[in-house]
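Trainee: One file is attached below, input21.cif, containing mmCIF, C-alpha atoms and all ligand atoms.
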data_upload
#
loop_
_atom_site.group_PDB
_atom_site.id
_atom_site.type_symbol
_atom_site.label_atom_id
_atom_site.label_comp_id
_atom_site.auth_asym_id
_atom_site.auth_seq_id
_atom_site.Cartn_x
_atom_site.Cartn_y
_atom_site.Cartn_z
ATOM 1 C CA MET A 18 111.393 177.252 105.882
ATOM 2 C CA GLN A 19 108.429 177.674 103.622
ATOM 3 C CA ASN A 20 105.473 179.316 105.278
ATOM 4 C CA ILE A 21 102.627 176.833 105.003
ATOM 5 C CA SER A 22 99.446 178.159 106.526
ATOM 6 C CA GLU A 23 97.931 174.696 107.102
ATOM 7 C CA ILE A 24 100.921 173.757 109.222
ATOM 8 C CA ASN A 25 100.921 177.055 111.090
ATOM 9 C CA LYS A 26 97.260 176.574 111.935
ATOM 10 C CA LEU A 27 97.943 173.057 113.164
ATOM 11 C CA ILE A 28 100.835 174.231 115.322
ATOM 12 C CA LYS A 29 98.611 176.867 116.918
ATOM 13 C CA LEU A 30 95.840 174.365 117.625
ATOM 14 C CA ILE A 31 97.965 171.505 118.893
ATOM 15 C CA SER A 32 99.914 173.886 121.168
ATOM 16 C CA LYS A 33 96.648 174.490 123.010
ATOM 17 C CA LEU A 34 96.432 170.851 124.103
ATOM 18 C CA PRO A 35 97.405 170.080 127.697
ATOM 19 C CA GLY A 36 101.105 169.549 128.212
ATOM 20 C CA LEU A 37 102.095 170.602 124.691
ATOM 21 C CA GLY A 38 103.928 173.698 123.545
ATOM 22 C CA PRO A 39 104.855 174.849 120.023
ATOM 23 C CA LYS A 40 107.968 172.658 120.013
ATOM 24 C CA SER A 41 106.159 169.404 120.707
ATOM 25 C CA ALA A 42 103.325 170.518 118.417
ATOM 26 C CA LYS A 43 105.839 170.767 115.541
ATOM 27 C CA ARG A 44 107.206 167.305 116.285
ATOM 28 C CA ILE A 45 103.706 165.834 116.329
ATOM 29 C CA ILE A 46 102.804 167.471 113.039
ATOM 30 C CA LEU A 47 105.998 166.318 111.338
ATOM 31 C CA LYS A 48 105.367 162.775 112.561
ATOM 32 C CA MET A 49 101.874 162.918 111.094
ATOM 33 C CA ILE A 50 102.992 164.351 107.780
ATOM 34 C CA ASN A 51 105.650 161.678 107.462
ATOM 35 C CA ASN A 52 103.006 159.017 108.155
ATOM 36 C CA ARG A 53 100.133 160.297 106.071
ATOM 37 C CA GLN A 54 98.367 156.979 105.566
ATOM 38 C CA GLU A 55 99.029 155.326 108.914
ATOM 39 C CA LEU A 56 98.532 158.358 111.149
ATOM 40 C CA MET A 57 97.320 161.543 109.551
ATOM 41 C CA LYS A 58 94.385 160.116 107.620
ATOM 42 C CA PRO A 59 92.947 157.916 110.399
ATOM 43 C CA LEU A 60 93.486 160.701 112.934
ATOM 44 C CA ALA A 61 91.606 163.215 110.807
ATOM 45 C CA GLU A 62 88.785 160.727 110.244
ATOM 46 C CA THR A 63 88.587 159.660 113.874
ATOM 47 C CA LEU A 64 88.549 163.264 115.066
ATOM 48 C CA LYS A 65 85.669 163.954 112.719
ATOM 49 C CA GLU A 66 83.766 160.909 113.978
ATOM 50 C CA ALA A 67 84.331 161.906 117.589
ATOM 51 C CA TYR A 68 83.261 165.468 116.829
ATOM 52 C CA ASN A 69 80.035 164.207 115.281
ATOM 53 C CA ASN A 70 79.168 161.370 117.653
ATOM 54 C CA VAL A 71 80.569 162.019 121.110
ATOM 55 C CA ILE A 72 78.464 164.342 123.247
ATOM 56 C CA ARG A 73 78.084 165.234 126.889
ATOM 57 C CA CYS A 74 75.232 163.510 128.725
ATOM 58 C CA ASN A 75 72.889 166.292 129.803
ATOM 59 C CA ILE A 76 71.839 164.329 132.900
ATOM 60 C CA CYS A 77 75.137 163.334 134.548
ATOM 61 C CA GLY A 78 77.708 165.208 132.467
ATOM 62 C CA THR A 79 79.758 162.254 131.288
ATOM 63 C CA LEU A 80 80.682 161.643 127.665
ATOM 64 C CA LYS A 81 78.555 159.296 125.585
ATOM 65 C CA THR A 82 77.699 158.619 121.976
ATOM 66 C CA SER A 83 74.782 160.573 120.608
ATOM 67 C CA SER A 84 72.991 157.407 119.491
ATOM 68 C CA SER A 85 72.920 155.486 122.772
ATOM 69 C CA ALA A 86 71.714 155.863 126.352
ATOM 70 C CA CYS A 87 74.249 156.863 128.992
ATOM 71 C CA ASP A 88 76.162 154.037 130.707
ATOM 72 C CA ASN A 89 76.879 156.331 133.622
ATOM 73 C CA CYS A 90 73.335 157.242 134.610
ATOM 74 C CA GLU A 91 70.801 155.398 132.455
ATOM 75 C CA ASN A 92 72.160 151.933 131.697
ATOM 76 C CA ILE A 93 72.829 151.088 135.348
ATOM 77 C CA SER A 94 70.939 148.149 136.797
ATOM 78 C CA LYS A 95 72.266 148.622 140.358
ATOM 79 C CA LYS A 96 70.508 151.044 142.676
ATOM 80 C CA TYR A 97 72.623 153.377 144.798
ATOM 81 C CA ASN A 98 71.811 156.015 147.396
ATOM 82 C CA LYS A 99 74.892 158.184 146.886
ATOM 83 C CA ILE A 100 76.117 160.527 144.183
ATOM 84 C CA CYS A 101 79.737 161.593 144.019
ATOM 85 C CA VAL A 102 80.194 164.994 142.373
ATOM 86 C CA VAL A 103 83.477 165.454 140.495
ATOM 87 C CA GLU A 104 84.917 168.106 138.219
ATOM 88 C CA ASN A 105 86.051 165.913 135.355
ATOM 89 C CA ILE A 106 85.648 162.426 133.961
ATOM 90 C CA SER A 107 89.286 161.717 134.773
ATOM 91 C CA ASP A 108 88.359 162.266 138.458
ATOM 92 C CA GLN A 109 85.625 159.634 138.141
ATOM 93 C CA TRP A 110 88.119 157.206 136.605
ATOM 94 C CA ALA A 111 90.578 157.804 139.446
ATOM 95 C CA ILE A 112 87.893 157.229 142.096
ATOM 96 C CA GLU A 113 86.555 154.130 140.314
ATOM 97 C CA SER A 114 89.990 152.585 140.063
ATOM 98 C CA SER A 115 90.521 153.072 143.806
ATOM 99 C CA SER A 116 87.311 151.005 144.420
ATOM 100 C CA THR A 117 86.457 153.138 147.438
ATOM 101 C CA PHE A 118 83.063 154.381 146.334
ATOM 102 C CA GLN A 119 79.876 152.587 145.334
ATOM 103 C CA GLY A 120 77.377 154.951 143.806
ATOM 104 C CA TYR A 121 76.534 157.253 140.951
ATOM 105 C CA PHE A 122 78.741 159.976 139.545
ATOM 106 C CA HIS A 123 77.918 163.509 138.518
ATOM 107 C CA ILE A 124 80.483 165.271 136.335
ATOM 108 C CA LEU A 125 80.452 169.048 136.530
ATOM 109 C CA GLY A 126 82.727 169.493 133.537
ATOM 110 C CA GLY A 127 84.758 172.175 135.322
ATOM 111 C CA THR A 128 84.520 174.656 138.157
ATOM 112 C CA LEU A 129 83.009 178.028 138.760
ATOM 113 C CA SER A 130 85.652 180.703 138.659
ATOM 114 C CA SER A 131 85.993 184.345 137.868
ATOM 115 C CA SER A 132 88.242 183.609 134.922
ATOM 116 C CA ASN A 133 85.827 181.481 132.956
ATOM 117 C CA THR A 134 82.176 181.634 132.182
ATOM 118 C CA ARG A 135 81.004 178.277 133.470
ATOM 119 C CA SER A 136 77.437 178.681 134.547
ATOM 120 C CA ARG A 137 75.005 176.801 136.717
ATOM 121 C CA GLU A 138 73.652 175.268 133.525
ATOM 122 C CA ASP A 139 77.090 174.033 132.431
ATOM 123 C CA LEU A 140 77.567 172.337 135.790
ATOM 124 C CA LEU A 141 74.173 170.588 135.447
ATOM 125 C CA ILE A 142 73.093 171.619 138.960
ATOM 126 C CA ASP A 143 69.381 171.448 138.168
ATOM 127 C CA SER A 144 69.885 167.967 136.789
ATOM 128 C CA LEU A 145 71.764 167.012 139.960
ATOM 129 C CA ILE A 146 68.757 168.101 142.035
ATOM 130 C CA GLU A 147 66.462 166.076 139.761
ATOM 131 C CA ARG A 148 68.687 163.026 140.138
ATOM 132 C CA ILE A 149 68.669 163.327 143.941
ATOM 133 C CA LYS A 150 64.879 163.394 144.033
ATOM 134 C CA LYS A 151 64.292 160.779 141.360
ATOM 135 C CA ASN A 152 66.728 158.210 142.766
ATOM 136 C CA ASN A 153 66.017 158.846 146.480
ATOM 137 C CA ILE A 154 69.624 159.836 147.021
ATOM 138 C CA GLU A 155 70.640 160.088 150.686
ATOM 139 C CA GLU A 156 74.147 161.466 150.372
ATOM 140 C CA ILE A 157 75.999 163.790 148.034
ATOM 141 C CA ILE A 158 79.769 163.565 148.228
ATOM 142 C CA LEU A 159 81.501 166.656 146.915
ATOM 143 C CA ALA A 160 84.806 165.472 145.484
ATOM 144 C CA THR A 161 85.962 168.716 143.946
ATOM 145 C CA SER A 162 89.638 169.614 144.040
ATOM 146 C CA ALA A 163 91.240 171.321 147.036
ATOM 147 C CA THR A 164 91.828 174.414 144.899
ATOM 148 C CA VAL A 165 90.122 177.785 145.346
ATOM 149 C CA GLU A 166 87.905 177.102 142.314
ATOM 150 C CA GLY A 167 87.101 173.578 143.510
ATOM 151 C CA GLN A 168 86.092 174.813 146.955
ATOM 152 C CA THR A 169 84.103 177.759 145.570
ATOM 153 C CA THR A 170 82.209 175.322 143.411
ATOM 154 C CA ALA A 171 81.587 173.006 146.384
ATOM 155 C CA PHE A 172 80.103 175.896 148.380
ATOM 156 C CA TYR A 173 77.981 176.897 145.434
ATOM 157 C CA ILE A 174 76.578 173.372 145.133
ATOM 158 C CA GLN A 175 75.974 173.199 148.880
ATOM 159 C CA ASP A 176 74.030 176.439 148.648
ATOM 160 C CA SER A 177 72.053 175.181 145.649
ATOM 161 C CA LEU A 178 71.046 172.078 147.613
ATOM 162 C CA LYS A 179 70.017 173.856 150.810
ATOM 163 C CA ASN A 180 66.330 173.152 150.217
ATOM 164 C CA VAL A 181 66.911 169.564 149.136
ATOM 165 C CA ASN A 182 66.647 166.855 151.747
ATOM 166 C CA VAL A 183 70.048 165.213 151.340
ATOM 167 C CA LYS A 184 73.171 164.815 153.434
ATOM 168 C CA ILE A 185 76.160 166.624 151.930
ATOM 169 C CA SER A 186 79.692 165.538 152.680
ATOM 170 C CA LYS A 187 83.017 166.598 151.373
ATOM 171 C CA LEU A 188 86.323 164.800 150.929
ATOM 172 C CA ALA A 189 88.588 165.544 153.846
ATOM 173 C CA GLN A 190 91.903 164.499 155.297
ATOM 174 C CA GLY A 191 94.551 163.349 152.954
ATOM 175 C CA LEU A 192 93.559 165.783 150.274
ATOM 176 C CA PRO A 193 96.536 168.086 149.852
ATOM 177 C CA VAL A 194 95.808 171.783 149.451
ATOM 178 C CA GLY A 195 95.858 172.550 145.757
ATOM 179 C CA GLY A 196 95.494 168.847 145.020
ATOM 180 C CA GLU A 197 93.599 167.744 141.959
ATOM 181 C CA ILE A 198 91.555 164.580 142.349
ATOM 182 C CA GLU A 199 92.863 162.859 139.244
ATOM 183 C CA ASN A 200 96.459 163.153 140.432
ATOM 184 C CA LEU A 201 95.933 161.515 143.817
ATOM 185 C CA ASP A 202 97.109 158.009 144.517
ATOM 186 C CA ASP A 203 94.605 155.336 145.568
ATOM 187 C CA GLY A 204 95.619 155.429 149.256
ATOM 188 C CA THR A 205 95.059 159.168 149.541
ATOM 189 C CA LEU A 206 91.708 158.872 147.802
ATOM 190 C CA VAL A 207 90.529 156.025 150.023
ATOM 191 C CA SER A 208 91.488 158.022 153.126
ATOM 192 C CA ALA A 209 89.783 161.161 151.793
ATOM 193 C CA PHE A 210 86.571 159.201 151.226
ATOM 194 C CA LYS A 211 86.637 157.456 154.599
ATOM 195 C CA ASN A 212 87.197 160.731 156.443
ATOM 196 C CA ARG A 213 84.685 162.764 154.503
ATOM 197 C CA LYS A 214 82.878 165.337 156.622
ATOM 198 C CA ASN A 215 79.402 166.728 156.743
ATOM 199 C CA PHE A 216 79.323 169.845 154.669
HETATM 200 ZN ZN ZN A 301 74.509 160.301 131.995
#
What do you get writing this file as structure tokens?
Ligand SMILES: [Zn+2]
Mentor:
Amino acid sequence: MQNISEINKLIKLISKLPGLGPKSAKRIILKMINNRQELMKPLAETLKEAYNNVIRCNICGTLKTSSSACDNCENISKKYNKICVVENISDQWAIESSSTFQGYFHILGGTLSSSNTRSREDLLIDSLIERIKKNNIEEIILATSATVEGQTTAFYIQDSLKNVNVKISKLAQGLPVGGEIENLDDGTLVSAFKNRKNF
């Protein structure tokens, strides 16, 4: 096979995506090359658009377009007294679809761990404190995963909020050890919310 550096680069990049290895990366690339107009071109253009226009909200951590206010924390007409803190947007989606929680969301964008360099700033902790004060929030629900990193992050947030007048609770029963929020079924999530404990 001819050694084409563009394709090799693509294979390396696509293999880094979740759930994909070099084998599936090659299949994806071949599919794109065989469908230049219908797939490859619009994909390249859409990726560029997303790269230029989609940013992280620096208040709540969700994704938004750079030209508009955030639907997650700014364009909300309802007033809530709770904020649910999650690791990723997919966790928010899972919790929303279970309809068990009425309140705001705060997306950390990851966890604190020794293996990566996520900092307090990345997790938007100062913004979380601002949001609590500004919106008269009465309860913070820590819905981080039942993994070591998720729990370390929960303790870190608890510690960061020790001088803030807010009740802190944490998802409880039903959350399997090692369980990631986005992979839980609705029933487990509802039970974890109902049985949340003071933290
Ligand atoms: Zn926001």
Trainee: Care to translate the PyMOL selection byres (((not hetatm)) within 12 of (chain A and resi 301)) into actual residues of this file, as a PyMOL selection string?
Mentor: chain A and resi 72-83+85-93+106+121-125+141+144-145+148
Trainee: Around the point (65.5, 159.2, 144.3), in the coordinates given by the file, pick out the residues reaching within 12 Å, counting all atoms listed in the file, and return them as number ranges by chain.
Mentor: A: 96-100, 121, 145-156, 181-183
Trainee: Would you compute the distance between atom CA of A:Ala160 and atom CA of A:Glu104? Give it in Å to one decimal.
Mentor: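 Interatomic distance here is 7.7 Å.
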Trainee: So, with all atoms listed in the file as the atoms that count, which of A:Leu47, A:Leu159, A:Leu27, A:Ala189 lies closest to A:Gln175?
Mentor: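 Closest to A:Gln175 of all the choices is A:Leu159.
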Trainee: Using only C-alpha atoms, which residue out of A:Ile21, A:Val165, A:Leu37, A:Ala111 lies closest to A:Ser130?
Mentor: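 Using only C-alpha atoms, the shortest distance to A:Ser130 belongs to A:Val165.
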Trainee: Pick from A:Ile112, A:Ser177, A:Glu166, A:Gln19: nearest to A:Leu129, with only C-alpha atoms counted?
Mentor: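 When distances to A:Leu129 are compared using only C-alpha atoms, the smallest one comes from A:Glu166.
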Trainee: Report the residues retrieved by the PyMOL selection byres (((chain A and resi 216) around 7) and not hetatm) from the displayed file, expressed as a list in words.
Mentor: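 With the PyMOL selection byres (((chain A and resi 216) around 7) and not hetatm) on this model, the match is Ile185, Ser186, Lys187, Lys214 and Asn215 of chain A.
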Trainee: Check the smallest atom-to-atom distance from each of A:Leu188, A:Ile158, A:Ala67, A:Ile142 to A:Asp176 using all atoms listed in the file, then report the winner.
Mentor: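 The answer is A:Ile142, which sits nearest to A:Asp176.
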Trainee: As an exercise, work out the distance from atom CA of A:Gly167 to atom CA of A:Val102 in Å and give it to one decimal place.
Mentor: 11.1 Å
Trainee: Kindly give the distance, in Å, that separates atom CA of A:Gly127 and atom CA of A:Val103, rounded to a single decimal.
Mentor: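 Atom CA of A:Val103 lies 8.6 Å from atom CA of A:Gly127.
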Trainee: Need to verify the contact set: A:Leu30, 12 Å, all atoms listed in the file, exclusion of same-chain residues closer than 6 positions in sequence. Can you return it as an MDAnalysis selection string?
Mentor: chainID A and resid 23:24 37:39 41:43 45:46
Trainee: For A:Gln119, which residue out of A:Asp139, A:Asn20, A:Lys58, A:Phe210 is the nearest one, using all atoms listed in the file?
Mentor: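 That would be A:Phe210, the residue with the smallest distance to A:Gln119.
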Trainee: Determine the axis-aligned bounding box of all atoms of stretch 24-36 of chain A present in the file, pad each side by 6 Å, and express its centre and edge lengths in Å to one decimal place as JSON.
Mentor:
{"center_x": 98.5, "center_y": 173.3, "center_z": 118.7, "size_x": 17.3, "size_y": 19.5, "size_z": 31.0}
Trainee: Which of these, A:Ser114, A:Phe172, A:Asn25, A:Met49, has the shortest distance to A:Asp202 once you count all atoms listed in the file?
Mentor: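 Of all the options, A:Ser114 lies closest to A:Asp202.
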